[in-house]
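Here is structure17.txt, consisting of compact mmCIF, C-alpha atoms and all ligand atoms:
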# COMPACT_ATOMS: atom_id res chain seq x y z
CA MET O 17 -13.38 -33.56 -4.11
CA LEU O 18 -12.18 -31.88 -0.90
CA VAL O 19 -9.86 -28.91 -1.43
CA THR O 20 -8.04 -26.19 0.42
CA LEU O 21 -8.68 -22.75 -1.06
CA ILE O 22 -5.98 -20.13 -0.58
CA THR O 23 -6.37 -16.46 -1.51
CA GLY O 24 -3.19 -14.52 -2.13
CA ALA O 25 -1.57 -17.74 -3.36
CA SER O 26 0.55 -16.11 -6.07
CA GLY O 27 3.39 -15.24 -3.69
CA GLY O 28 4.61 -14.67 -0.15
CA ILE O 29 2.71 -16.26 2.72
CA GLY O 30 -0.11 -17.59 0.52
CA GLU O 31 2.36 -19.43 -1.72
CA ALA O 32 4.04 -20.87 1.39
CA PHE O 33 0.64 -22.18 2.56
CA ALA O 34 0.10 -23.74 -0.89
CA ARG O 35 3.48 -25.48 -0.81
CA GLU O 36 2.91 -26.85 2.70
CA PHE O 37 -0.64 -28.09 2.06
CA ALA O 38 0.41 -29.71 -1.23
CA ALA O 39 3.27 -31.44 0.62
CA ARG O 40 0.60 -32.82 2.99
CA GLY O 41 -1.31 -34.20 0.00
CA GLN O 42 -4.16 -31.66 0.04
CA ASN O 43 -5.82 -30.62 -3.22
CA LEU O 44 -5.79 -26.88 -3.82
CA VAL O 45 -7.60 -23.95 -5.37
CA LEU O 46 -5.24 -21.01 -5.79
CA VAL O 47 -6.72 -17.50 -5.95
CA ALA O 48 -5.03 -14.19 -6.84
CA ARG O 49 -4.63 -11.87 -9.85
CA SER O 50 -1.22 -13.08 -11.13
CA ALA O 51 -2.22 -15.89 -13.49
CA GLU O 52 1.25 -16.82 -14.71
CA ARG O 53 2.73 -17.14 -11.25
CA MET O 54 -0.14 -19.32 -10.06
CA HIS O 55 -0.07 -21.56 -13.15
CA ALA O 56 3.70 -22.09 -12.68
CA LEU O 57 3.16 -22.95 -9.01
CA ALA O 58 0.20 -25.23 -9.85
CA ASP O 59 2.24 -27.13 -12.49
CA GLU O 60 5.09 -27.60 -10.04
CA LEU O 61 2.85 -28.83 -7.21
CA ARG O 62 0.88 -31.21 -9.45
CA GLN O 63 4.13 -32.70 -10.70
CA ARG O 64 6.02 -32.88 -7.39
CA ARG O 65 3.13 -33.71 -5.05
CA GLY O 66 0.59 -35.44 -7.27
CA VAL O 67 -2.25 -33.29 -5.95
CA ARG O 68 -5.04 -31.62 -7.88
CA VAL O 69 -4.52 -27.86 -8.20
CA GLU O 70 -7.02 -25.45 -9.76
CA VAL O 71 -6.14 -21.85 -10.53
CA CYS O 72 -8.86 -19.24 -10.14
CA VAL O 73 -7.71 -15.82 -11.35
CA ALA O 74 -9.68 -13.17 -9.48
CA ASP O 75 -9.33 -9.59 -8.33
CA LEU O 76 -10.62 -9.38 -4.77
CA ASN O 77 -10.89 -5.62 -5.18
CA GLU O 78 -14.00 -6.37 -7.25
CA ALA O 79 -17.15 -6.88 -5.19
CA GLU O 80 -18.39 -9.80 -7.30
CA SER O 81 -15.16 -11.83 -7.09
CA PRO O 82 -16.03 -13.90 -3.98
CA VAL O 83 -19.29 -15.09 -5.62
CA ARG O 84 -17.40 -15.89 -8.85
CA ILE O 85 -14.81 -17.85 -6.85
CA TYR O 86 -17.56 -19.76 -5.07
CA GLU O 87 -19.18 -20.61 -8.42
CA PHE O 88 -15.78 -21.59 -9.87
CA CYS O 89 -15.41 -24.12 -7.05
CA ARG O 90 -18.87 -25.58 -7.67
CA GLN O 91 -18.18 -25.87 -11.40
CA HIS O 92 -14.86 -27.62 -10.72
CA ASP O 93 -16.32 -30.05 -8.17
CA ALA O 94 -14.13 -28.52 -5.47
CA ASP O 95 -15.59 -28.83 -1.96
CA VAL O 96 -13.70 -26.33 0.14
CA ASP O 97 -13.13 -27.77 3.60
CA LEU O 98 -10.27 -25.41 4.42
CA LEU O 99 -10.33 -21.73 3.50
CA VAL O 100 -7.20 -19.63 3.91
CA ASN O 101 -7.98 -15.91 3.65
CA CYS O 102 -4.47 -14.64 3.00
CA ALA O 103 -4.72 -11.97 0.25
CA GLY O 104 -3.94 -8.56 1.63
CA LEU O 105 -2.15 -5.29 1.07
CA SER O 106 -1.02 -2.19 2.86
CA CYS O 107 0.12 1.33 2.07
CA ALA O 108 2.91 2.83 4.16
CA SER O 109 1.83 6.39 4.71
CA ASP O 110 0.12 8.62 7.22
CA PHE O 111 -3.62 8.43 6.70
CA ASP O 112 -4.02 11.92 5.23
CA GLU O 113 -1.63 11.03 2.44
CA ILE O 114 -2.91 7.58 1.37
CA PRO O 115 -3.96 7.79 -2.29
CA TYR O 116 -7.77 7.93 -2.20
CA GLY O 117 -8.19 4.88 -4.46
CA LYS O 118 -5.95 2.80 -2.17
CA LEU O 119 -8.35 3.32 0.74
CA ASN O 120 -11.04 1.37 -1.01
CA GLU O 121 -8.66 -1.34 -2.24
CA ILE O 122 -7.17 -1.97 1.21
CA MET O 123 -10.60 -2.20 2.86
CA MET O 124 -12.07 -4.23 0.01
CA VAL O 125 -9.35 -6.89 -0.16
CA ASN O 126 -8.42 -7.08 3.53
CA MET O 127 -11.89 -6.86 5.07
CA LEU O 128 -14.78 -7.22 2.64
CA ALA O 129 -13.29 -10.06 0.59
CA THR O 130 -12.37 -11.94 3.77
CA ALA O 131 -15.88 -11.50 5.20
CA ARG O 132 -17.58 -12.39 1.89
CA MET O 133 -15.41 -15.44 1.25
CA THR O 134 -16.07 -16.65 4.78
CA ARG O 135 -19.83 -16.02 4.50
CA LEU O 136 -20.00 -17.90 1.17
CA PHE O 137 -17.95 -20.98 2.08
CA LEU O 138 -18.84 -21.37 5.76
CA PRO O 139 -22.43 -22.69 5.43
CA ASP O 140 -21.25 -25.74 3.44
CA MET O 141 -18.68 -26.49 6.15
CA VAL O 142 -21.30 -26.12 8.87
CA GLU O 143 -23.63 -28.45 6.95
CA ALA O 144 -20.82 -30.99 6.56
CA LYS O 145 -19.99 -30.49 10.28
CA LYS O 146 -16.34 -30.23 9.34
CA GLY O 147 -13.91 -27.66 8.04
CA GLY O 148 -11.54 -24.88 8.92
CA ILE O 149 -10.75 -21.26 8.21
CA ILE O 150 -7.35 -19.63 8.61
CA ASN O 151 -7.56 -15.85 8.57
CA VAL O 152 -4.24 -14.12 8.07
CA ALA O 153 -4.37 -11.06 10.32
CA SER O 154 -1.29 -9.31 11.75
CA LEU O 155 0.42 -8.31 14.97
CA GLY O 156 -0.43 -4.84 13.64
CA GLY O 157 -4.10 -5.63 14.23
CA LEU O 158 -3.63 -5.70 18.00
CA GLN O 159 -3.39 -1.89 18.10
CA GLY O 160 -3.35 1.09 15.78
CA VAL O 161 0.00 1.44 14.02
CA PRO O 162 0.95 5.03 13.15
CA GLY O 163 1.97 5.12 9.49
CA LEU O 164 -0.12 2.00 8.84
CA GLY O 165 -3.37 3.16 10.43
CA LEU O 166 -5.87 1.84 7.90
CA TYR O 167 -3.99 -1.43 7.44
CA SER O 168 -3.86 -2.04 11.20
CA ALA O 169 -7.61 -1.28 11.44
CA THR O 170 -8.39 -3.85 8.72
CA LYS O 171 -6.37 -6.45 10.58
CA SER O 172 -8.22 -5.62 13.85
CA PHE O 173 -11.41 -6.31 11.88
CA ILE O 174 -10.11 -9.75 10.90
CA ILE O 175 -9.08 -10.60 14.47
CA THR O 176 -12.43 -9.45 15.89
CA LEU O 177 -14.47 -11.29 13.27
CA SER O 178 -12.41 -14.47 13.74
CA GLU O 179 -12.85 -14.34 17.53
CA ALA O 180 -16.63 -14.05 17.29
CA LEU O 181 -16.79 -16.81 14.66
CA HIS O 182 -14.62 -19.04 16.78
CA VAL O 183 -17.22 -18.98 19.54
CA GLU O 184 -20.25 -19.10 17.19
CA LEU O 185 -18.85 -22.25 15.60
CA LYS O 186 -18.24 -24.10 18.84
CA GLY O 187 -19.81 -27.54 18.60
CA LYS O 188 -20.43 -27.22 14.83
CA GLY O 189 -17.27 -29.05 13.75
CA VAL O 190 -15.73 -26.01 12.03
CA LYS O 191 -12.59 -24.32 13.38
CA VAL O 192 -11.46 -20.73 12.83
CA VAL O 193 -8.09 -19.26 13.71
CA ALA O 194 -6.60 -15.79 13.20
CA VAL O 195 -2.84 -15.84 12.72
CA CYS O 196 -1.09 -12.62 13.73
CA PRO O 197 2.42 -12.45 12.25
CA GLY O 198 4.97 -9.73 12.92
CA PHE O 199 7.29 -8.78 10.05
CA ILE O 200 7.68 -11.55 7.44
CA ALA O 201 10.11 -11.68 4.50
CA THR O 202 7.89 -11.29 1.42
CA ASP O 203 7.33 -8.63 -1.25
CA PHE O 204 4.62 -7.14 0.98
CA PHE O 205 6.74 -4.14 2.03
CA GLU O 206 7.78 -3.32 -1.53
CA HIS O 207 4.13 -3.50 -2.61
CA ALA O 208 3.21 -1.16 0.26
CA GLY O 209 5.97 1.36 -0.45
CA HIS O 210 7.43 0.51 2.97
CA ASN O 211 11.23 0.37 3.21
CA ALA O 212 11.84 -2.99 4.95
CA ALA O 213 15.41 -1.91 5.77
CA ASN O 214 13.95 0.63 8.24
CA LEU O 215 11.93 -1.91 10.26
CA ARG O 216 12.97 -1.98 13.89
CA LEU O 217 12.09 -5.62 14.63
CA PRO O 218 13.50 -8.85 13.16
CA ILE O 219 11.94 -10.21 9.98
CA SER O 220 10.93 -13.91 10.03
CA GLY O 221 10.42 -16.44 7.24
CA THR O 222 7.01 -17.44 5.89
CA ASP O 223 7.44 -20.92 7.41
CA VAL O 224 6.74 -19.69 10.97
CA VAL O 225 3.39 -18.26 9.88
CA VAL O 226 2.30 -21.41 8.07
CA GLU O 227 3.44 -23.75 10.83
CA SER O 228 1.83 -21.76 13.65
CA ALA O 229 -1.44 -21.32 11.75
CA ILE O 230 -1.75 -25.03 10.97
CA LYS O 231 -0.91 -25.99 14.56
CA GLY O 232 -3.29 -23.34 15.90
CA LEU O 233 -6.12 -24.63 13.74
CA ALA O 234 -5.45 -28.23 14.77
CA LYS O 235 -5.55 -27.22 18.45
CA ASN O 236 -8.67 -25.11 17.83
CA ARG O 237 -6.99 -21.92 19.05
CA MET O 238 -8.75 -18.61 18.52
CA ARG O 239 -5.62 -16.62 17.70
CA VAL O 240 -1.97 -17.54 17.18
CA LEU O 241 1.21 -15.50 17.41
CA PRO O 242 3.88 -17.17 15.26
CA THR O 243 7.10 -16.32 17.13
CA LEU O 244 8.18 -15.98 20.75
CA LEU O 245 8.84 -12.29 20.13
CA ASP O 246 5.28 -11.83 18.82
CA THR O 247 3.98 -13.48 22.01
CA VAL O 248 6.17 -11.30 24.25
CA LEU O 249 5.10 -8.14 22.43
CA ALA O 250 1.41 -9.03 22.61
CA PHE O 251 1.61 -10.07 26.28
CA SER O 252 3.61 -7.01 27.36
CA GLN O 253 0.76 -4.76 26.15
CA ARG O 254 -1.01 -5.62 29.39
CA PHE O 255 1.56 -3.78 31.51
CA VAL O 256 1.91 -0.42 29.77
CA SER O 257 -0.49 2.32 28.72
CA ARG O 258 -2.29 2.10 25.40
CA LYS O 259 -0.50 5.27 24.26
CA ILE O 260 2.90 3.63 24.81
CA VAL O 261 1.76 0.50 22.94
CA ILE O 262 0.68 2.56 19.92
CA ASN O 263 3.78 4.77 19.91
CA LEU O 264 6.00 1.68 20.11
CA ALA O 265 4.11 0.03 17.22
CA GLY O 266 4.78 3.14 15.11
CA TYR O 267 8.44 3.10 16.16
CA PHE O 268 8.86 -0.59 15.19
CA ALA O 269 7.14 -0.12 11.82
CA ALA O 270 9.26 2.99 11.15
CA VAL O 271 7.21 4.30 8.25
CA ASN O 272 8.11 7.82 9.31
CA ASP O 273 11.70 8.37 10.55
CA ASP O 274 10.55 11.00 13.06
CA ARG O 275 8.68 8.42 15.14
N1 LIG S 301 4.72 -9.78 5.17
C1 LIG S 301 4.41 -9.39 6.40
O1 LIG S 301 5.25 -8.84 7.13
C2 LIG S 301 3.04 -9.64 6.95
C3 LIG S 301 2.85 -9.51 8.33
C4 LIG S 301 1.59 -9.72 8.86
C5 LIG S 301 0.54 -10.07 8.04
N2 LIG S 301 0.74 -10.18 6.70
C6 LIG S 301 -0.41 -10.54 5.87
O2 LIG S 301 -0.12 -11.70 5.13
C7 LIG S 301 -0.92 -11.72 3.96
C8 LIG S 301 -0.05 -12.08 2.76
O3 LIG S 301 0.92 -11.06 2.61
P1 LIG S 301 2.38 -11.34 2.04
O4 LIG S 301 3.34 -10.92 3.07
O5 LIG S 301 2.47 -12.69 1.48
O6 LIG S 301 2.41 -10.21 0.91
P2 LIG S 301 2.58 -10.31 -0.68
O7 LIG S 301 3.79 -11.07 -1.02
O8 LIG S 301 2.44 -8.88 -1.14
O9 LIG S 301 1.31 -11.17 -1.14
C9 LIG S 301 0.03 -10.61 -1.17
C10 LIG S 301 -0.89 -11.58 -1.86
O10 LIG S 301 -2.20 -11.00 -1.88
C11 LIG S 301 -2.68 -11.02 -3.21
N3 LIG S 301 -3.53 -9.89 -3.51
C12 LIG S 301 -3.28 -8.58 -3.29
N4 LIG S 301 -4.26 -7.82 -3.81
C13 LIG S 301 -5.14 -8.69 -4.37
C14 LIG S 301 -6.35 -8.51 -5.08
N5 LIG S 301 -6.86 -7.30 -5.37
N6 LIG S 301 -7.01 -9.60 -5.54
C15 LIG S 301 -6.51 -10.84 -5.30
N7 LIG S 301 -5.37 -11.07 -4.63
C16 LIG S 301 -4.69 -9.99 -4.18
C17 LIG S 301 -1.42 -10.98 -4.09
O11 LIG S 301 -1.66 -11.58 -5.35
P3 LIG S 301 -1.74 -10.82 -6.76
O12 LIG S 301 -0.90 -9.60 -6.67
O13 LIG S 301 -1.28 -11.83 -7.72
O14 LIG S 301 -3.20 -10.51 -6.91
C18 LIG S 301 -0.47 -11.85 -3.28
O15 LIG S 301 -0.67 -13.19 -3.60
C19 LIG S 301 -1.58 -10.35 3.85
O16 LIG S 301 -2.91 -10.43 4.30
C20 LIG S 301 -0.77 -9.49 4.82
O17 LIG S 301 -1.53 -8.44 5.35
C21 LIG S 301 1.97 -9.97 6.13

The structure given in the file should be rewritten as structure tokens.
Amino acid sequence: MLVTLITGASGGIGEAFAREFAARGQNLVLVARSAERMHALADELRQRRGVRVEVCVADLNEAESPVRIYEFCRQHDADVDLLVNCAGLSCASDFDEIPYGKLNEIMMVNMLATARMTRLFLPDMVEAKKGGIINVASLGGLQGVPGLGLYSATKSFIITLSEALHVELKGKGVKVVAVCPGFIATDFFEHAGHNAANLRLPISGTDVVVESAIKGLAKNRMRVLPTLLDTVLAFSQRFVSRKIVINLAGYFAAVNDDR
């Protein structure tokens, strides 16, 4: 049975993707660590939308998780024709102060898990000559963000990988899009120890991310910027020095009040 697999589906943007795809009648596999939250969401979506929803509890900070998730899908007769790599985390702090263990976790979940999940599920899509991948990157991945340096570097990785894949997959029936949201109202900031009240740009709802990503994938775009402001910010980078771009990014994120 064809399914859409969403990592980071226990809350925030991933949950919003799950709700939207279920409303469109797509069967789902939900992946994250929070079992209770995902089971509650799965029960609700099965009941309200009549779709099949499987819950796969997995910690993407563990190297073996992507393979286990792939095997889970095979065992549950779930053919993934749409993969949404959404799980991710940050740590609001200058690089020299990030807890050492967090370094690994941020790189593991944001980069390695995304690359491994894509590598595992993509060949089946290529063989079927049909499928899609939505990689949730960030506006922060368009430049280094002081105070969020490692996070922004992991999101640059996702954008770069998605761009190369987009071209590699031309003519193979599989689409890849990187969605690059600005600030979105989820628990992300709390999880990152980042005071959302300090942010110096507006915060949007999860709906703009989901809508733009789905439209972007349908139109086979390489990268989408969910709001007009995101587009203006990305475009305006062309007219100022890189140093200004990076300083402004740090100012908007406002991790450190002195910036
Ligand atoms: N919010 C924003 O402003 C914003 C802006 C740009 C991009 N993004 C990106 O959007 C994506 C979703 O973020 P969000 O805003 O929805 O944040 P969120 O509410 O904190 O959700 C993060 C999701 O990732 C999952 N996750 C984290 N660590 C995991 C792990 N080790 N194993 C498995 N799942 C893990 C969490 O599930 P469990 O805790 O249950 O495991 C949760 O479902 C992230 O990639 C983030 O970088 C967010």

Original post:
Out of O:Cys102, O:Val261, O:Ala201, O:Ile29, which residue has the shortest atom-to-atom distance to Met133 in chain O when counting all atoms listed in the file?
Top reply: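 With all atoms listed in the file as the atom set, the closest residue is O:Cys102.
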
**OP:** Enumerate as an MDAnalysis selection string the residues within 8 Å of ligand LIG 301 (chain S), counting all atoms listed in the file.
**Re:** chainID O and resid 23:31 47:51 53:54 73:78 101:106 121 125:126 152:156 167 171 196:208 219 222

Original post:
Taking all atoms listed in the file into account, which of O:Met238, O:Ile174, O:Ala39, O:Val19 comes nearest Glu70 in chain O?
Top reply: O:Val19

**OP:** For each of O:Gln159, O:Asn43, O:Thr130, O:Ser257, take the minimum atom-to-atom distance to Arg68 in chain O, counting only C-alpha atoms, then give the residue where this is smallest.
**Re:**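 Of O:Gln159, O:Asn43, O:Thr130, O:Ser257, the one nearest Arg68 in chain O is O:Asn43, counting only C-alpha atoms.
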
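CA of Leu166 in chain O is positioned 12.9 Å from CA of Gly117 in chain O.
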
Subject >> Which residue of O:Lys145, O:His55, O:Arg216, O:Arg90 approaches Leu185 in chain O most closely, using only C-alpha atoms >> reply: O:Lys145

**OP:** Just give me the gap between CA of Asp110 in chain O and CA of Tyr267 in chain O in Å, one decimal is fine.
**Re:**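 Calculated distance between CA of Asp110 in chain O and CA of Tyr267 in chain O is 13.4 Å.
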
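Nearest residue to Gly160 in chain O among O:Gly41, O:Gly189, O:Pro82, O:Gly266 is O:Gly266, counting all atoms listed in the file.
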
**OP:** Might you pull out every residue within 7 Å of Asp95 in chain O, with only C-alpha atoms counted and same-chain residues fewer than 5 positions away left off, and present them as a PyMOL selection string?
**Re:** chain O and resi 17-19+89

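Of the listed residues O:Val224, O:Arg239, O:Thr247, O:Asn214, the one whose atoms come nearest to Leu177 in chain O is O:Arg239, with distances taken using all atoms listed in the file.
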
**OP:** Would you work out the distance separating CA of Ala58 in chain O from CA of Gly221 in chain O, expressed in Å to one decimal?
**Re:** 21.8 Å

Save N, CA, C and O atoms of range 76-93 of chain O from the block above as a CSV table (one decimal), in the first residue's frame.
chain,number,residue,atom,x,y,z
O,76,LEU,N,16.1,9.1,15.9
O,76,LEU,CA,17.0,9.3,14.7
O,76,LEU,C,18.4,9.8,15.2
O,76,LEU,O,19.3,9.9,14.3
O,77,ASN,N,18.6,9.9,16.4
O,77,ASN,CA,20.0,10.1,16.9
O,77,ASN,C,20.7,8.8,17.0
O,77,ASN,O,21.9,8.8,17.3
O,78,GLU,N,20.1,7.7,16.7
O,78,GLU,CA,20.7,6.4,16.7
O,78,GLU,C,21.0,6.0,15.2
O,78,GLU,O,20.1,6.1,14.4
O,79,ALA,N,22.2,5.6,15.0
O,79,ALA,CA,22.7,5.4,13.6
O,79,ALA,C,21.8,4.3,12.9
O,79,ALA,O,21.6,4.4,11.6
O,80,GLU,N,21.4,3.3,13.6
O,80,GLU,CA,20.6,2.2,13.0
O,80,GLU,C,19.2,2.5,12.7
O,80,GLU,O,18.5,1.8,12.0
O,81,SER,N,18.7,3.7,13.2
O,81,SER,CA,17.2,3.9,13.1
O,81,SER,C,16.7,4.0,11.7
O,81,SER,O,15.7,3.4,11.4
O,82,PRO,N,17.4,4.6,10.8
O,82,PRO,CA,16.8,4.7,9.4
O,82,PRO,C,16.6,3.3,8.8
O,82,PRO,O,15.6,3.0,8.2
O,83,VAL,N,17.6,2.4,9.0
O,83,VAL,CA,17.5,1.0,8.5
O,83,VAL,C,16.3,0.3,9.2
O,83,VAL,O,15.5,-0.4,8.5
O,84,ARG,N,16.1,0.5,10.5
O,84,ARG,CA,15.0,-0.1,11.2
O,84,ARG,C,13.7,0.5,10.7
O,84,ARG,O,12.7,-0.3,10.6
O,85,ILE,N,13.6,1.7,10.4
O,85,ILE,CA,12.4,2.4,9.9
O,85,ILE,C,12.1,1.8,8.5
O,85,ILE,O,10.9,1.4,8.2
O,86,TYR,N,13.1,1.6,7.7
O,86,TYR,CA,12.9,1.0,6.3
O,86,TYR,C,12.4,-0.4,6.5
O,86,TYR,O,11.4,-0.8,5.8
O,87,GLU,N,12.9,-1.2,7.4
O,87,GLU,CA,12.5,-2.6,7.6
O,87,GLU,C,11.0,-2.6,8.2
O,87,GLU,O,10.2,-3.4,7.8
O,88,PHE,N,10.7,-1.6,9.1
O,88,PHE,CA,9.4,-1.5,9.6
O,88,PHE,C,8.4,-1.3,8.4
O,88,PHE,O,7.3,-2.0,8.4
O,89,CYS,N,8.7,-0.5,7.5
O,89,CYS,CA,7.8,-0.2,6.4
O,89,CYS,C,7.6,-1.5,5.5
O,89,CYS,O,6.5,-1.8,5.1
O,90,ARG,N,8.7,-2.2,5.3
O,90,ARG,CA,8.6,-3.5,4.5
O,90,ARG,C,7.7,-4.5,5.2
O,90,ARG,O,6.8,-5.1,4.6
O,91,GLN,N,7.9,-4.6,6.6
O,91,GLN,CA,7.1,-5.5,7.4
O,91,GLN,C,5.6,-5.2,7.4
O,91,GLN,O,4.8,-6.0,7.5
O,92,HIS,N,5.4,-3.8,7.3
O,92,HIS,CA,4.0,-3.4,7.4
O,92,HIS,C,3.4,-3.1,6.0
O,92,HIS,O,2.4,-2.4,5.8
O,93,ASP,N,4.0,-3.7,4.9
O,93,ASP,CA,3.5,-3.5,3.6
O,93,ASP,C,3.2,-2.0,3.2
O,93,ASP,O,2.2,-1.7,2.6
